[in-house]
>>> print(open('query.cif').read())   # mmCIF, C-alpha atoms and all ligand atoms
data_target
loop_
_atom_site.label_atom_id
_atom_site.label_comp_id
_atom_site.auth_asym_id
_atom_site.auth_seq_id
_atom_site.Cartn_x
_atom_site.Cartn_y
_atom_site.Cartn_z
CA MET A 1 16.22 33.28 -3.53
CA PRO A 2 12.82 31.55 -3.16
CA GLU A 3 12.92 28.23 -1.32
CA GLU A 4 12.85 25.28 -3.69
CA THR A 5 9.65 23.21 -3.40
CA PRO A 6 10.49 19.54 -2.80
CA HIS A 7 9.71 17.33 -5.79
CA ASP A 8 6.34 15.60 -5.49
CA ASP A 9 6.08 12.43 -7.63
CA TYR A 10 2.30 12.65 -7.56
CA ASN A 11 1.92 16.29 -8.62
CA ASN A 12 0.79 15.38 -12.11
CA SER A 13 -1.28 12.32 -11.34
CA SER A 14 -3.05 13.00 -8.04
CA ARG A 15 -6.16 14.52 -9.64
CA ILE A 16 -6.75 11.63 -12.04
CA TYR A 17 -5.39 8.85 -9.81
CA ASP A 18 -8.73 7.58 -8.52
CA LEU A 19 -10.47 8.10 -11.84
CA LEU A 20 -7.92 5.90 -13.61
CA LEU A 21 -7.44 3.26 -10.95
CA ASN A 22 -10.80 2.87 -9.18
CA PRO A 23 -12.18 0.55 -11.88
CA PHE A 24 -9.29 -1.86 -11.19
CA LEU A 25 -9.00 -1.35 -7.44
CA ASN A 26 -12.61 -1.16 -6.24
CA GLY A 27 -12.84 -4.95 -5.78
CA ILE A 28 -9.72 -4.97 -3.58
CA ARG A 29 -10.80 -1.93 -1.57
CA ASN A 30 -14.26 -3.44 -0.94
CA ALA A 31 -12.76 -6.79 0.08
CA PHE A 32 -10.61 -4.95 2.63
CA VAL A 33 -13.67 -3.11 3.99
CA ASP A 34 -15.53 -6.43 4.35
CA TRP A 35 -12.57 -7.85 6.31
CA ALA A 36 -12.41 -4.76 8.56
CA ILE A 37 -16.13 -4.89 9.30
CA ILE A 38 -15.82 -8.52 10.38
CA HIS A 39 -12.68 -7.98 12.49
CA GLN A 40 -13.60 -4.56 13.96
CA PRO A 41 -10.11 -3.12 14.60
CA GLN A 42 -9.87 -0.48 17.34
CA GLY A 43 -7.31 1.72 15.53
CA VAL A 44 -6.29 1.65 11.86
CA LEU A 45 -3.30 3.38 10.26
CA ASP A 46 -3.00 3.63 6.45
CA VAL A 47 0.68 4.19 5.59
CA GLY A 48 0.94 5.98 2.23
CA CYS A 49 -2.81 6.63 2.17
CA GLY A 50 -2.61 8.57 -1.12
CA THR A 51 -5.95 10.14 -2.07
CA GLY A 52 -7.56 8.58 1.01
CA LYS A 53 -9.81 6.36 -1.08
CA GLN A 54 -9.48 3.28 1.13
CA LEU A 55 -10.01 5.29 4.33
CA SER A 56 -13.10 6.94 2.85
CA LEU A 57 -14.72 3.52 2.36
CA LEU A 58 -14.34 2.42 5.98
CA PRO A 59 -17.30 2.93 8.31
CA LYS A 60 -17.31 6.48 9.70
CA ASN A 61 -17.30 5.22 13.29
CA MET A 62 -14.13 3.15 12.78
CA HIS A 63 -11.07 4.93 14.16
CA ALA A 64 -8.85 5.15 11.08
CA VAL A 65 -6.13 7.62 10.09
CA GLY A 66 -3.57 7.84 7.30
CA ILE A 67 -0.23 9.41 6.54
CA ASP A 68 1.30 10.38 3.23
CA LEU A 69 4.23 12.47 2.09
CA SER A 70 2.72 13.96 -1.06
CA GLU A 71 0.90 17.27 -0.70
CA ALA A 72 -0.83 16.69 -4.03
CA MET A 73 -2.25 13.35 -2.81
CA LEU A 74 -3.16 14.84 0.57
CA ASP A 75 -5.12 17.61 -1.21
CA GLN A 76 -7.30 14.89 -2.72
CA ALA A 77 -7.51 13.06 0.60
CA ALA A 78 -8.74 16.25 2.28
CA LYS A 79 -11.79 16.08 -0.01
CA GLN A 80 -12.75 12.43 0.39
CA ALA A 81 -11.33 11.35 3.76
CA GLN A 82 -11.89 14.57 5.69
CA GLY A 83 -9.61 14.96 8.67
CA ARG A 84 -8.31 11.41 8.48
CA CYS A 85 -5.02 11.99 6.59
CA ARG A 86 -1.97 13.98 7.60
CA GLN A 87 1.48 14.61 6.20
CA ALA A 88 4.26 12.38 7.51
CA ASP A 89 7.12 10.24 6.27
CA ALA A 90 6.53 6.48 6.43
CA THR A 91 10.09 5.98 7.71
CA ALA A 92 9.47 8.17 10.80
CA ILE A 93 5.78 8.18 11.64
CA PRO A 94 4.77 10.58 14.44
CA PHE A 95 2.76 8.15 16.58
CA ASN A 96 3.71 6.34 19.80
CA ASP A 97 4.79 2.70 19.93
CA ASP A 98 1.93 0.15 19.92
CA SER A 99 -0.63 2.71 18.73
CA PHE A 100 -2.61 0.58 16.26
CA ASP A 101 -4.03 -2.93 16.03
CA LEU A 102 -4.31 -2.75 12.23
CA ILE A 103 -1.81 -1.08 9.91
CA ILE A 104 -2.30 -1.11 6.16
CA SER A 105 -0.07 -0.42 3.17
CA GLN A 106 -1.62 -0.48 -0.28
CA PHE A 107 0.58 -0.19 -3.38
CA ALA A 108 3.05 1.89 -1.37
CA LEU A 109 5.98 -0.50 -0.88
CA HIS A 110 6.91 -1.72 -4.37
CA GLU A 111 7.95 1.76 -5.55
CA LYS A 112 10.61 2.14 -2.83
CA GLU A 113 14.27 1.23 -2.60
CA THR A 114 14.98 -1.88 -0.56
CA ALA A 115 16.58 0.10 2.30
CA THR A 116 13.53 2.38 2.55
CA ILE A 117 11.14 -0.58 2.51
CA GLU A 118 13.04 -2.05 5.43
CA LEU A 119 12.85 1.22 7.39
CA GLU A 120 9.11 1.43 6.74
CA LEU A 121 8.57 -2.16 7.88
CA LYS A 122 10.50 -1.37 11.07
CA GLU A 123 8.16 1.56 11.70
CA VAL A 124 5.16 -0.72 11.22
CA LYS A 125 6.59 -3.15 13.80
CA ARG A 126 7.08 -0.29 16.27
CA LEU A 127 3.56 1.06 15.84
CA LEU A 128 1.70 -2.26 15.80
CA GLN A 129 0.29 -3.58 19.06
CA PRO A 130 1.28 -7.13 20.08
CA GLY A 131 -0.96 -9.51 18.14
CA GLY A 132 -1.87 -6.74 15.68
CA VAL A 133 -2.34 -7.24 11.95
CA PHE A 134 -0.41 -5.71 9.06
CA SER A 135 -2.41 -5.75 5.83
CA VAL A 136 -0.54 -5.20 2.58
CA VAL A 137 -1.87 -4.88 -0.94
CA ASP A 138 0.87 -5.01 -3.52
CA PHE A 139 2.34 -6.83 -6.49
CA ASP A 140 3.41 -10.45 -6.30
CA LEU A 141 4.43 -13.26 -8.62
CA PRO A 142 1.48 -15.39 -9.72
CA ASP A 143 1.66 -19.06 -8.66
CA GLU A 144 -0.11 -20.25 -11.78
CA HIS A 145 1.60 -20.30 -15.17
CA THR A 146 -1.44 -19.68 -17.35
CA PHE A 147 -1.83 -17.31 -20.27
CA ILE A 148 -4.18 -15.05 -18.31
CA ALA A 149 -1.83 -14.83 -15.27
CA GLY A 150 1.06 -13.99 -17.62
CA PHE A 151 -1.07 -11.40 -19.39
CA PHE A 152 -1.85 -9.62 -16.09
CA LYS A 153 1.84 -9.81 -15.12
CA TRP A 154 2.74 -8.15 -18.41
CA GLY A 155 0.01 -5.50 -17.88
CA VAL A 156 1.24 -4.66 -14.37
CA ALA A 157 4.79 -4.19 -15.68
CA ARG A 158 3.56 -1.88 -18.46
CA ILE A 159 1.62 0.28 -15.98
CA GLU A 160 4.69 0.51 -13.73
CA GLN A 161 6.84 1.34 -16.76
CA GLN A 162 4.55 4.31 -17.41
CA ALA A 163 5.32 5.61 -13.92
CA GLY A 164 8.94 5.53 -15.08
CA GLY A 165 12.18 6.60 -13.39
CA GLU A 166 13.07 5.36 -9.93
CA HIS A 167 9.52 4.09 -9.42
CA TYR A 168 9.91 1.57 -12.26
CA GLU A 169 13.47 0.63 -11.28
CA ASN A 170 12.31 -0.08 -7.71
CA PHE A 171 9.34 -2.09 -8.99
CA LYS A 172 11.73 -4.28 -11.01
CA VAL A 173 13.87 -4.88 -7.91
CA TRP A 174 10.70 -5.68 -5.91
CA MET A 175 9.68 -8.32 -8.46
CA LYS A 176 13.22 -9.74 -8.72
CA ARG A 177 13.22 -10.18 -4.94
CA GLY A 178 10.11 -12.32 -5.35
CA GLY A 179 7.37 -9.74 -4.77
CA LEU A 180 5.10 -9.16 -1.80
CA ARG A 181 5.07 -12.53 0.02
CA SER A 182 8.77 -13.19 -0.37
CA ILE A 183 9.80 -9.73 0.90
CA LEU A 184 7.44 -9.70 3.89
CA LYS A 185 8.56 -13.19 4.93
CA LYS A 186 12.22 -12.13 4.70
CA ASN A 187 11.38 -9.29 7.09
CA GLY A 188 9.95 -11.55 9.80
CA TRP A 189 6.23 -11.53 8.95
CA GLU A 190 3.94 -14.57 8.85
CA LEU A 191 1.10 -14.70 6.35
CA SER A 192 -2.23 -15.40 8.02
CA GLU A 193 -4.69 -14.74 5.18
CA GLU A 194 -4.74 -13.61 1.56
CA GLN A 195 -7.08 -12.89 -1.32
CA LEU A 196 -5.86 -13.02 -4.91
CA PHE A 197 -6.65 -10.45 -7.59
CA PHE A 198 -5.58 -10.45 -11.23
CA LYS A 199 -4.66 -14.14 -10.92
CA GLY A 200 -2.34 -13.52 -7.98
CA ASN A 201 -0.39 -10.65 -9.53
CA VAL A 202 -1.98 -8.42 -6.86
CA ARG A 203 -2.78 -9.72 -3.38
CA LEU A 204 -4.69 -8.45 -0.40
CA THR A 205 -2.68 -9.97 2.43
CA PHE A 206 -2.85 -10.07 6.25
CA TRP A 207 0.29 -10.61 8.33
CA LYS A 208 1.31 -11.15 11.93
CA LEU A 209 4.80 -10.89 13.34
CA ALA A 210 6.52 -14.27 13.51
CA GLU A 211 6.96 -15.34 17.20
C1 LIG B 1 0.94 4.20 -5.44
S1 LIG B 1 0.45 5.34 -4.21
C2 LIG B 1 -0.72 4.38 -3.30
C3 LIG B 1 -1.71 5.23 -2.56
C4 LIG B 1 -2.83 4.47 -1.85
N1 LIG B 1 -2.31 3.65 -0.78
C5 LIG B 1 -3.65 3.65 -2.80
O1 LIG B 1 -3.82 2.45 -2.58
O2 LIG B 1 -4.16 4.20 -3.78
C6 LIG B 1 1.83 5.39 -3.09
C7 LIG B 1 1.66 6.46 -2.05
O3 LIG B 1 2.76 6.39 -1.12
C8 LIG B 1 3.12 7.72 -0.77
N2 LIG B 1 4.49 7.77 -0.27
C9 LIG B 1 5.63 7.59 -0.96
N3 LIG B 1 6.70 7.72 -0.15
C10 LIG B 1 6.21 7.99 1.09
C11 LIG B 1 6.81 8.22 2.35
N4 LIG B 1 8.15 8.18 2.51
N5 LIG B 1 6.03 8.47 3.39
C12 LIG B 1 4.67 8.51 3.25
N6 LIG B 1 4.05 8.29 2.08
C13 LIG B 1 4.80 8.03 1.00
C14 LIG B 1 2.97 8.48 -2.07
O4 LIG B 1 2.90 9.87 -1.86
C15 LIG B 1 1.69 7.87 -2.61
O5 LIG B 1 0.55 8.58 -2.19
#
>>> encode(input="query.cif", output="structure tokens", more="lines below")
Ligand SMILES: C[S@@+](CC[C@H](N)C(=O)[O-])C[C@H]1O[C@@H](n2cnc3c(N)ncnc32)[C@H](O)[C@@H]1O
Amino acid sequence: MPEETPHDDYNNSSRIYDLLLNPFLNGIRNAFVDWAIIHQPQGVLDVGCGTGKQLSLLPKNMHAVGIDLSEAMLDQAAKQAQGRCRQADATAIPFNDDSFDLIISQFALHEKETATIELELKEVKRLLQPGGVFSVVDFDLPDEHTFIAGFFKWGVARIEQQAGGEHYENFKVWMKRGGLRSILKKNGWELSEEQLFFKGNVRLTFWKLAE
């Protein structure tokens, strides 16, 4: 019997992922690059790097690597972030303790079950050097109750609904738990900086471990 290929959630979407999402995400990705150029991290790890888009935008001389589980996404990453991305599971990342002074996670946490999110956050703590920064881009609840903020909130939920299945169920749990800031705080992180996108429904955030 041939060995069964493990299911890859991104098999169908990896080729069009950047094409569809770049128009919405370019502003966030560029804001992150601006931050990285100012802060000059010595070693960057992108957990769930996907197609490698964010890594590809960082200066070539910045030491930055990524891991992802999906072969389909890694195929795309091989084209645009040559040599920077490798296959690994975010719950057991094959690097030594204290290996990086900047770890990033962009749109990779909300689609996971709570227990998996907690394992991934533990891995980040293990790999981050003392005083290091964890930067997360993900969905949050907007602070303002305006029509436009509500409209973006509705739009985000519809996009996640399209992803369907477990992904959508996990997104709903993520939002019920209060979204990005609430979940990171519950896991012992302290917010040091943030930039709001889509009226605060998406945030580029920077965290340090609470003392
Ligand atoms: C929504 S995509 C985001 C990709 C990229 N960070 C971006 O901003 O476009 C989530 C990524 O997390 C990856 N992923 C999911 N579970 C993972 C795991 N256990 N270990 C590593 N990567 C994982 C998926 O394969 C996918 O590429």
>>> residues_near_ligand(input="query.cif", ligand="ligand LIG 1 (chain B)", cutoff="6 Å", atoms="only C-alpha atoms and all ligand atoms", output="list in words")
Gly48, Cys49, Gly50, Ile67, Asp68, Leu69, Ser70, Met73, Ala88, Asp89, Ala90, Thr91, Gln106, Phe107 and Ala108 of chain A
>>> closest_residue(input="query.cif", among="A:Asn170, A:Asp143, A:Gln87, A:Asp138", to="Thr116 of chain A", atoms="all atoms listed in the file")
A:Asn170
>>> atom_distance(input="query.cif", atom1="atom CA of Ile103 of chain A", atom2="atom CA of Gly52 of chain A")
14.3 Å
>>> closest_residue(input="query.cif", among="A:Leu127, A:Val173, A:Ile37, A:Val136", to="Phe100 of chain A", atoms="all atoms listed in the file")
A:Leu127
>>> axis_aligned_box(input="query.cif", around="segment 99-113 of chain A", padding_each_side="5 Å", output="AutoDock Vina command-line options")
--center_x 5.0 --center_y -0.1 --center_z 6.6 --size_x 28.6 --size_y 15.6 --size_z 34.3
>>> closest_residue(input="query.cif", among="A:Glu193, A:Pro59, A:Asn201, A:Glu169", to="His145 of chain A", atoms="only C-alpha atoms")
A:Asn201
>>> closest_residue(input="query.cif", among="A:Leu209, A:Leu191, A:Leu57, A:Ile104", to="Ser135 of chain A", atoms="all atoms listed in the file")
A:Ile104
>>> closest_residue(input="query.cif", among="A:Met175, A:Leu102, A:Leu128, A:Leu121", to="Asn187 of chain A", atoms="only C-alpha atoms")
A:Leu121
>>> atom_distance(input="query.cif", atom1="atom CA of Val44 of chain A", atom2="atom CA of Ala115 of chain A")
24.8 Å
>>> closest_residue(input="query.cif", among="A:Glu123, A:Lys53, A:Lys112, A:Ile117", to="Asn22 of chain A", atoms="all atoms listed in the file")
A:Lys53
>>> build_atoms(input="query.cif", residues="segment 44-80 of chain A", atoms="N, CA and C atoms", output="CSV table (one decimal), in the coordinates of the input")
chain,number,residue,atom,x,y,z
A,44,VAL,N,-6.9,2.0,13.2
A,44,VAL,CA,-6.3,1.6,11.9
A,44,VAL,C,-5.4,2.8,11.4
A,45,LEU,N,-4.2,2.4,10.9
A,45,LEU,CA,-3.3,3.4,10.3
A,45,LEU,C,-3.0,3.0,8.8
A,46,ASP,N,-3.3,3.9,7.9
A,46,ASP,CA,-3.0,3.6,6.4
A,46,ASP,C,-1.7,4.4,6.1
A,47,VAL,N,-0.6,3.6,5.9
A,47,VAL,CA,0.7,4.2,5.6
A,47,VAL,C,0.8,4.4,4.1
A,48,GLY,N,0.9,5.7,3.7
A,48,GLY,CA,0.9,6.0,2.2
A,48,GLY,C,-0.5,6.0,1.7
A,49,CYS,N,-1.4,6.7,2.4
A,49,CYS,CA,-2.8,6.6,2.2
A,49,CYS,C,-3.2,7.3,0.8
A,50,GLY,N,-2.3,8.0,0.2
A,50,GLY,CA,-2.6,8.6,-1.1
A,50,GLY,C,-3.8,9.5,-1.1
A,51,THR,N,-4.8,9.3,-2.0
A,51,THR,CA,-6.0,10.1,-2.1
A,51,THR,C,-7.0,9.9,-1.0
A,52,GLY,N,-6.7,8.9,-0.1
A,52,GLY,CA,-7.6,8.6,1.0
A,52,GLY,C,-8.7,7.7,0.6
A,53,LYS,N,-8.7,7.1,-0.6
A,53,LYS,CA,-9.8,6.4,-1.1
A,53,LYS,C,-10.2,5.2,-0.1
A,54,GLN,N,-9.2,4.4,0.3
A,54,GLN,CA,-9.5,3.3,1.1
A,54,GLN,C,-10.1,3.7,2.5
A,55,LEU,N,-9.5,4.8,3.0
A,55,LEU,CA,-10.0,5.3,4.3
A,55,LEU,C,-11.5,5.8,4.2
A,56,SER,N,-11.8,6.4,3.0
A,56,SER,CA,-13.1,6.9,2.8
A,56,SER,C,-14.2,5.9,2.8
A,57,LEU,N,-13.8,4.6,2.5
A,57,LEU,CA,-14.7,3.5,2.4
A,57,LEU,C,-15.0,2.8,3.7
A,58,LEU,N,-14.1,3.1,4.7
A,58,LEU,CA,-14.3,2.4,6.0
A,58,LEU,C,-15.5,3.1,6.7
A,59,PRO,N,-16.2,2.3,7.6
A,59,PRO,CA,-17.3,2.9,8.3
A,59,PRO,C,-16.8,4.2,9.1
A,60,LYS,N,-17.7,5.2,9.1
A,60,LYS,CA,-17.3,6.5,9.7
A,60,LYS,C,-17.0,6.4,11.2
A,61,ASN,N,-17.6,5.4,11.8
A,61,ASN,CA,-17.3,5.2,13.3
A,61,ASN,C,-16.1,4.4,13.6
A,62,MET,N,-15.4,3.9,12.6
A,62,MET,CA,-14.1,3.2,12.8
A,62,MET,C,-13.0,4.1,12.9
A,63,HIS,N,-12.2,4.0,14.0
A,63,HIS,CA,-11.1,4.9,14.2
A,63,HIS,C,-10.0,4.6,13.2
A,64,ALA,N,-9.8,5.4,12.1
A,64,ALA,CA,-8.8,5.2,11.1
A,64,ALA,C,-8.2,6.4,10.6
A,65,VAL,N,-6.9,6.4,10.5
A,65,VAL,CA,-6.1,7.6,10.1
A,65,VAL,C,-5.1,7.2,9.0
A,66,GLY,N,-4.6,8.2,8.3
A,66,GLY,CA,-3.6,7.8,7.3
A,66,GLY,C,-2.5,8.9,7.3
A,67,ILE,N,-1.3,8.4,6.8
A,67,ILE,CA,-0.2,9.4,6.5
A,67,ILE,C,0.3,9.3,5.1
A,68,ASP,N,0.7,10.4,4.6
A,68,ASP,CA,1.3,10.4,3.2
A,68,ASP,C,2.3,11.6,3.1
A,69,LEU,N,3.2,11.4,2.2
A,69,LEU,CA,4.2,12.5,2.1
A,69,LEU,C,3.8,13.5,1.1
A,70,SER,N,3.0,13.1,0.1
A,70,SER,CA,2.7,14.0,-1.1
A,70,SER,C,1.6,15.0,-0.8
A,71,GLU,N,1.9,16.2,-0.9
A,71,GLU,CA,0.9,17.3,-0.7
A,71,GLU,C,-0.2,17.2,-1.7
A,72,ALA,N,0.2,16.8,-3.0
A,72,ALA,CA,-0.8,16.7,-4.0
A,72,ALA,C,-1.8,15.6,-3.7
A,73,MET,N,-1.3,14.4,-3.2
A,73,MET,CA,-2.2,13.4,-2.8
A,73,MET,C,-3.1,13.8,-1.6
A,74,LEU,N,-2.4,14.4,-0.6
A,74,LEU,CA,-3.2,14.8,0.6
A,74,LEU,C,-4.3,15.9,0.3
A,75,ASP,N,-4.1,16.7,-0.8
A,75,ASP,CA,-5.1,17.6,-1.2
A,75,ASP,C,-6.4,16.8,-1.6
A,76,GLN,N,-6.2,15.7,-2.3
A,76,GLN,CA,-7.3,14.9,-2.7
A,76,GLN,C,-7.9,14.2,-1.5
A,77,ALA,N,-7.0,13.7,-0.6
A,77,ALA,CA,-7.5,13.1,0.6
A,77,ALA,C,-8.3,14.0,1.5
A,78,ALA,N,-8.0,15.3,1.5
A,78,ALA,CA,-8.7,16.2,2.3
A,78,ALA,C,-10.2,16.3,1.8
A,79,LYS,N,-10.4,16.0,0.5
A,79,LYS,CA,-11.8,16.1,0.0
A,79,LYS,C,-12.6,14.8,0.3
A,80,GLN,N,-11.9,13.6,0.2
A,80,GLN,CA,-12.8,12.4,0.4
A,80,GLN,C,-12.5,11.7,1.7
